[in-house]
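Reviewing the structure listed below.
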Amino acid sequence: MKKKQIMGLALTAVLTLGACGKTEPAVGTEPTPADGVPATPTEDADTPETEDPGSDVPLVVASDDFSEKFNSIFSGSVPDQNVADLVSVSLLLPDRVGDMVYHGIEGETRNYNGTDYTYKGIADCDVTENADGTVVYDFKLREGVKFSDGVELTADDVIFTYYVISDPSYDGGLTLYSLPIKGMEEYRNGSQTMLSLLLEAGPDNTDFTYFTEEQQKNFWENDLQAAGELFAKSIAQYCINNGYLTGDDTIDKNYIANGMVNWGFATANEDSSITTNVTNTTFTMQGDDVPNEADFWNEMMEAYEGDVVTLSDTEKAEEGISGFLPDEYKNAIETGESAANISGIEKTGDYSFTVTLDQLDASAIYQIGGYVIPMHYYGDPAQYDYANNKFGFPKGDLSIVREKTTKPLGAGPYVFDKLEAKTVYMKANEYYWDGVPFIKDLQFRVTLDPDKEPGVAQGTLDISDPSASKERLEVVKGENSNGQLTGDKIQTSLVDVLGYGYIGMNSENVCVNGDPASEESKDLRKAIATVLAVYRDVNIDSYYGDAASVINYPISNTSWAAPQPSDPDYAIAFSTDVNGNPIYTDGMSDEEKYKAALDAALGFFEAAGYTVSDGKLTAAPTGAKLNYEILVGGAGQGDHPSFGILTQASEALKTIGFELRINDLSDSSILWSSTEGGTAELWCAAWQATIDPDIFQVYHTEGGSSYMYRINQPELDEMIIEARSTTDQKIRKAIYKECLDYIVDYAVEIPVYQRQDCVLFSAERINTDTITKDITPFYPWAREIQNMKMR
């Protein structure tokens, strides 16, 4: 429950997930004059008809709750990002299969599912790989693109945006600064945020070189506590907003108590009291004896022994502790020498610029080609002088950018109007470069998941994204007179999620003789994985029906790097025995497959060093056990896609003397704490992926493998880095296939399911002929929102 695991930190315009996904630039249509300059709202402008019958009927879209950070470079939650995406534009965007469109000014025509689509955007980009290893991205902007206030978008806006997200004090989700851009390191050197300096110094510091004694005292005695209480409140509110309750009415009436229990810092007792897990304090939940924000924060501080940074990074719901501190603590203070500019970012004209990397990074284009925000609105034009290294704000101080976070402005298809009564109101951008939207008013309305399907059926919502399950899809079919998912009342779009579900193992906790890389340790893990894998098909079908499918490699099927069944070396995960022979044969019944998997598991256990007698395990080798625990966040009720897999596998393993203990957590935060802390043995979870298949953050020694899987093998690390060092997709796919085979052989992850996002459209109120065609994870419905019409 607590957090989704994220594969890739970059939340750029091209990576947003969710029903309202990426929206701009809308492509595949040409509502602009022949010369490619977008229409502007004048008497002679070639704009869509304003008398369209549905033009003034608002489009109402379901949303999860907002964090009210609608600035595209600071938003962290999907609901906020969905709003920001409609307000903003990006330099480059992907096509329907996830390939970047590098020449958007004239447009590129590409075929998808037998149809030619023309993709246009606001920029062209030519990439040159030089003999010395440097890589130059040469951009040219479409002229005439305007922000929603009528000011033209130029190279200065791009330069400003780059410097904002490269600033030493930037704490948003974009990671342009991590790229090997020439001069980036020199520019960011010699600075630290006041927050980091204060935390390093501690409350008893006597060196006031970079801050005053009064600032230090105020931070430790006042501001940190106040921010911590807001941090705790945000967690508790997150639990309520997402429907996470304890089931005890007395506890649930106090949202702080509910949050403490759900986040793993307190335990609910039978008498409706709660007891904190670290300080062992009991709150009776009677009268005034209820916990408050300070109690929650103090409990977290005790748990982390005052380590604010780790606490913030580990426990945050959507916002870290810095988000609740006054801006002065986010500012960067000069502590040494640094360059005056980033030498690799060069303006070459009013509508052109280059970005130079010291070395090739295949994922760089997703950051370099990201959002553009208006300098005149988010910055200070008086402080912008490119020739004299002034970039629209004081270096190290982004307060003028942050102060407009709740009131965004951009060049996207819609203009932010207001947030009122949990609804964001937006209006069509009359200057939108790709044609003024037909629908003049749009609303994002906060809606609980159980209400998302009924809302579309009953007419209170036009578009929603309910969680797809077998039962939910049957309800949708029942709404349509034809009994199908798409009919006279509701049109349904099912699109693979950019992510996948899995069962993981910590190789250091499930191994033989303390050596997780040994063949014996791999055989132990393969024994368990083989039995788990055989029960995937029946249980995923039971839980999801048509809304999910079983996968065999630890990668989302949406990725171009994912192996396909038609590939000559494609293999079913964990379908060979200890000698490399196939476990299953054509025509086997399910029961025959289950028995074959169990027999194969015995072979793996014996190879791992287990004593086997009469078909049963009687003793484990040194460092291994006859029982292991698997964590699953099924809310204590088995409500998880993999729960059925676990129960069947556990029963089967028990018959050969091995116990797989299922710990169905009502508090899923225990799962995340255990995986991140390295104490979990096995667990069920899901990865959320990015458009680029780079797996550094998950499997490289310096990424997720350092604390989760504990693979830590130089051979795999080298392959992951090699895959980053070329842009040739065929070569990268071949290298990633080697990586995936290595991971499966190491047996720390059982791929389980690829689920689908479900988006419901009202066929009664939306002209369904105008909905984006061939929606994909990389090309969501809102990418052509300006062409949609109401009935």
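Chain labels follow the order of the structure tokens: the first chain is A, the next B, and so on; residue numbering restarts at 1 in every chain, and ligands are counted from 1 in their shown order.
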
Tell me which protein, DNA and RNA residues are within 7 Å of segment 216-223 of chain A, counting only C-alpha atoms, leaving out same-chain ones fewer than 3 positions away, and put them as a VMD selection string.
chain A and resid 198 203 212 to 213 226 to 227 325

How about saving the chosen residues, C-alpha atoms kept, as a PDB file, in the first residue's frame?
```pdb
ATOM      1  CA  LEU A 198      21.940  22.156   8.896  1.00  0.00           C
ATOM      2  CA  PRO A 203      21.723  20.957  16.653  1.00  0.00           C
ATOM      3  CA  THR A 212      23.531  32.023  11.607  1.00  0.00           C
ATOM      4  CA  GLU A 213      23.139  30.688  15.099  1.00  0.00           C
ATOM      5  CA  ALA A 226       6.427  21.980  12.220  1.00  0.00           C
ATOM      6  CA  ALA A 227       7.437  20.516   8.851  1.00  0.00           C
ATOM      7  CA  LEU A 325       9.844  23.576   5.087  1.00  0.00           C
TER       8      LEU A 325
END
```

Pick out the residues sitting within 7 Å of Gly501 of chain A, and hand them over as a ChimeraX atom specification; count only C-alpha atoms, and ignore anything fewer than 6 positions along from it in its own chain.
/A:685-687,751-754

Of the listed residues A:Gly379, A:Pro394, A:Gly609, A:Gly370, that which approaches Thr175 of chain A most closely, counting only C-alpha atoms:
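Of all the options, A:Gly370 lies closest to Thr175 of chain A.
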
Would you kindly return, as JSON, numbers by chain, each protein, DNA or RNA residue with an atom no farther than 12 Å from any atom of Ile583 of chain A, considering only C-alpha atoms and excluding same-chain residues fewer than 5 positions away?
{"A": [530, 531, 533, 534, 572, 573, 574, 575, 576, 577, 578, 588, 592, 593, 594, 595, 596, 597, 598, 599, 600, 601, 603]}

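Taking only C-alpha atoms into account, Phe160 of chain A lies nearest to A:Ile342 out of the set A:Ala680, A:Ile274, A:Ile342, A:Val127.
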
Between atom CA of Asn767 of chain A and atom CA of Met788 of chain A lies a distance of 7.3 Å

Give me, as a ChimeraX atom specification, all polymer residues having an atom no more than 8 Å from Val424 of chain A, counting only C-alpha atoms and skipping those fewer than 5 positions away in the same chain.
/A:416-419,443-445

Which distance in Å separates atom CA of Ser343 of chain A and atom CA of Ile181 of chain A, to one decimal?
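Between atom CA of Ser343 of chain A and atom CA of Ile181 of chain A the gap works out to 8.4 Å.
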
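Taking atom CA of Val538 of chain A as the reference point, atom CA of Thr647 of chain A is found at 12.5 Å.
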
Counting only C-alpha atoms, what is within 10 Å of Asp99 of chain A, bar same-chain residues fewer than 2 positions away, as a PyMOL selection string?
chain A and resi 93-97+101-102+560+691-692+778

Can you tell me which residues surround Lys146 of chain A at a distance of at most 7 Å, considering only C-alpha atoms, apart from same-chain residues fewer than 6 positions away, and format the answer as a tab-separated table (two decimals) with N, CA and C atoms, in the first residue's frame?
```
chain	number	residue	atom	x	y	z
A	152	GLU	N	5.24	34.42	-27.06
A	152	GLU	CA	5.84	33.39	-27.89
A	152	GLU	C	6.89	32.58	-27.13
A	153	LEU	N	6.94	31.30	-27.43
A	153	LEU	CA	7.92	30.39	-26.85
A	153	LEU	C	9.20	30.45	-27.68
A	411	ALA	N	2.05	26.17	-22.62
A	411	ALA	CA	1.62	26.28	-24.02
A	411	ALA	C	0.82	25.05	-24.45
A	431	TYR	N	-4.60	29.89	-27.85
A	431	TYR	CA	-3.35	30.02	-28.60
A	431	TYR	C	-2.69	28.68	-28.90
A	432	TYR	N	-3.35	27.58	-28.61
A	432	TYR	CA	-2.69	26.28	-28.73
A	432	TYR	C	-2.18	26.06	-30.14
A	433	TRP	N	-0.92	25.71	-30.26
A	433	TRP	CA	-0.23	25.64	-31.55
A	433	TRP	C	-0.83	24.62	-32.51
```

Taking 6 positions as the minimum chain separation for residues in the same chain, which residues sit within 12 Å of Asn292 of chain A when counting only C-alpha atoms? Answer as an mmCIF file with N, CA and C atoms, in the first residue's frame.
```cif
data_model
loop_
_atom_site.group_PDB
_atom_site.id
_atom_site.type_symbol
_atom_site.label_atom_id
_atom_site.label_comp_id
_atom_site.auth_asym_id
_atom_site.auth_seq_id
_atom_site.Cartn_x
_atom_site.Cartn_y
_atom_site.Cartn_z
ATOM 1 N N GLY A 228 7.769 18.457 10.094
ATOM 2 C CA GLY A 228 7.584 17.041 10.364
ATOM 3 C C GLY A 228 6.134 16.696 10.643
ATOM 4 N N GLU A 229 5.459 17.566 11.357
ATOM 5 C CA GLU A 229 4.044 17.324 11.635
ATOM 6 C C GLU A 229 3.216 17.398 10.357
ATOM 7 N N LEU A 230 3.568 18.320 9.466
ATOM 8 C CA LEU A 230 2.880 18.389 8.174
ATOM 9 C C LEU A 230 3.190 17.158 7.331
ATOM 10 N N ALA A 232 3.876 14.177 8.527
ATOM 11 C CA ALA A 232 3.071 13.096 9.102
ATOM 12 C C ALA A 232 1.613 13.226 8.673
ATOM 13 N N LYS A 233 1.121 14.444 8.669
ATOM 14 C CA LYS A 233 -0.263 14.692 8.253
ATOM 15 C C LYS A 233 -0.490 14.274 6.804
ATOM 16 N N ALA A 236 -0.954 10.541 6.642
ATOM 17 C CA ALA A 236 -2.272 10.160 7.146
ATOM 18 C C ALA A 236 -3.362 10.518 6.137
ATOM 19 N N ASN A 254 -10.157 8.708 13.618
ATOM 20 C CA ASN A 254 -9.006 9.585 13.820
ATOM 21 C C ASN A 254 -8.001 9.286 12.713
ATOM 22 N N TYR A 255 -7.912 10.176 11.726
ATOM 23 C CA TYR A 255 -7.117 9.834 10.552
ATOM 24 C C TYR A 255 -5.630 9.715 10.859
ATOM 25 N N ILE A 256 -5.151 10.350 11.921
ATOM 26 C CA ILE A 256 -3.753 10.193 12.304
ATOM 27 C C ILE A 256 -3.510 8.774 12.818
ATOM 28 N N ALA A 257 -4.414 8.302 13.668
ATOM 29 C CA ALA A 257 -4.288 6.933 14.176
ATOM 30 C C ALA A 257 -4.353 5.929 13.035
ATOM 31 N N ASN A 258 -5.284 6.147 12.129
ATOM 32 C CA ASN A 258 -5.398 5.269 10.965
ATOM 33 C C ASN A 258 -4.113 5.288 10.152
ATOM 34 N N GLY A 259 -3.549 6.483 9.950
ATOM 35 C CA GLY A 259 -2.310 6.605 9.199
ATOM 36 C C GLY A 259 -1.147 5.917 9.879
ATOM 37 N N MET A 260 -1.049 6.055 11.191
ATOM 38 C CA MET A 260 0.047 5.412 11.934
ATOM 39 C C MET A 260 -0.006 3.896 11.803
ATOM 40 N N PHE A 283 -2.465 4.573 22.890
ATOM 41 C CA PHE A 283 -3.519 5.590 22.853
ATOM 42 C C PHE A 283 -4.849 4.857 22.932
ATOM 43 N N MET A 285 -7.780 5.948 22.439
ATOM 44 C CA MET A 285 -8.749 6.490 21.474
ATOM 45 C C MET A 285 -10.032 6.929 22.175
ATOM 46 N N ASN A 298 7.055 12.278 15.858
ATOM 47 C CA ASN A 298 8.026 11.896 16.887
ATOM 48 C C ASN A 298 8.292 10.393 16.879
ATOM 49 N N GLU A 299 7.242 9.624 16.596
ATOM 50 C CA GLU A 299 7.413 8.171 16.504
ATOM 51 C C GLU A 299 8.337 7.817 15.335
#
```

Looking only at the backbone, which of the residues in segment 389-627 of chain A does DSSP tag as helix (DSSP H, G or I), as a count of residues only?
70

Taking the backbone alone, and naming residues the way the document does, which bits of segment 183-343 of chain A are strand (DSSP E or B) by DSSP, as number ranges by chain?
A: 191-193, 266-268, 274-276, 282-283, 332-334

Prev. selection, N, CA and C atoms, output as a short mmCIF file (atom, residue, chain, number, x, y, z; two decimals), in the first residue's frame:
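What follows is the written file part.cif:
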```cif
data_model
loop_
_atom_site.label_atom_id
_atom_site.label_comp_id
_atom_site.auth_asym_id
_atom_site.auth_seq_id
_atom_site.Cartn_x
_atom_site.Cartn_y
_atom_site.Cartn_z
N SER A 191 28.11 23.92 -3.99
CA SER A 191 26.83 24.39 -3.41
C SER A 191 26.19 23.27 -2.60
N GLN A 192 25.53 23.66 -1.54
CA GLN A 192 24.71 22.75 -0.75
C GLN A 192 23.47 23.49 -0.29
N THR A 193 22.36 22.77 -0.18
CA THR A 193 21.17 23.43 0.34
C THR A 193 21.36 23.71 1.83
N ALA A 266 2.26 1.89 14.20
CA ALA A 266 1.41 1.54 15.33
C ALA A 266 0.64 0.28 14.99
N THR A 267 0.18 -0.39 16.02
CA THR A 267 -0.60 -1.63 15.85
C THR A 267 -1.97 -1.45 16.48
N ALA A 268 -3.00 -1.87 15.75
CA ALA A 268 -4.36 -1.79 16.27
C ALA A 268 -4.60 -2.93 17.25
N ILE A 274 -4.59 1.83 20.05
CA ILE A 274 -3.42 1.55 19.22
C ILE A 274 -2.17 1.69 20.08
N THR A 275 -1.17 0.90 19.72
CA THR A 275 0.11 0.95 20.43
C THR A 275 1.22 1.21 19.42
N THR A 276 2.01 2.24 19.66
CA THR A 276 3.08 2.56 18.73
C THR A 276 4.14 1.46 18.74
N THR A 282 0.64 3.61 24.19
CA THR A 282 -0.73 3.21 23.87
C THR A 282 -1.67 4.41 23.93
N PHE A 283 -2.47 4.57 22.89
CA PHE A 283 -3.52 5.59 22.85
C PHE A 283 -4.85 4.86 22.93
N ALA A 332 20.19 26.88 -2.20
CA ALA A 332 21.56 26.39 -2.20
C ALA A 332 22.51 27.50 -1.78
N ILE A 333 23.44 27.17 -0.92
CA ILE A 333 24.42 28.13 -0.42
C ILE A 333 25.78 27.79 -1.02
N GLU A 334 26.49 28.80 -1.49
CA GLU A 334 27.79 28.59 -2.10
C GLU A 334 28.82 28.21 -1.03
#
```
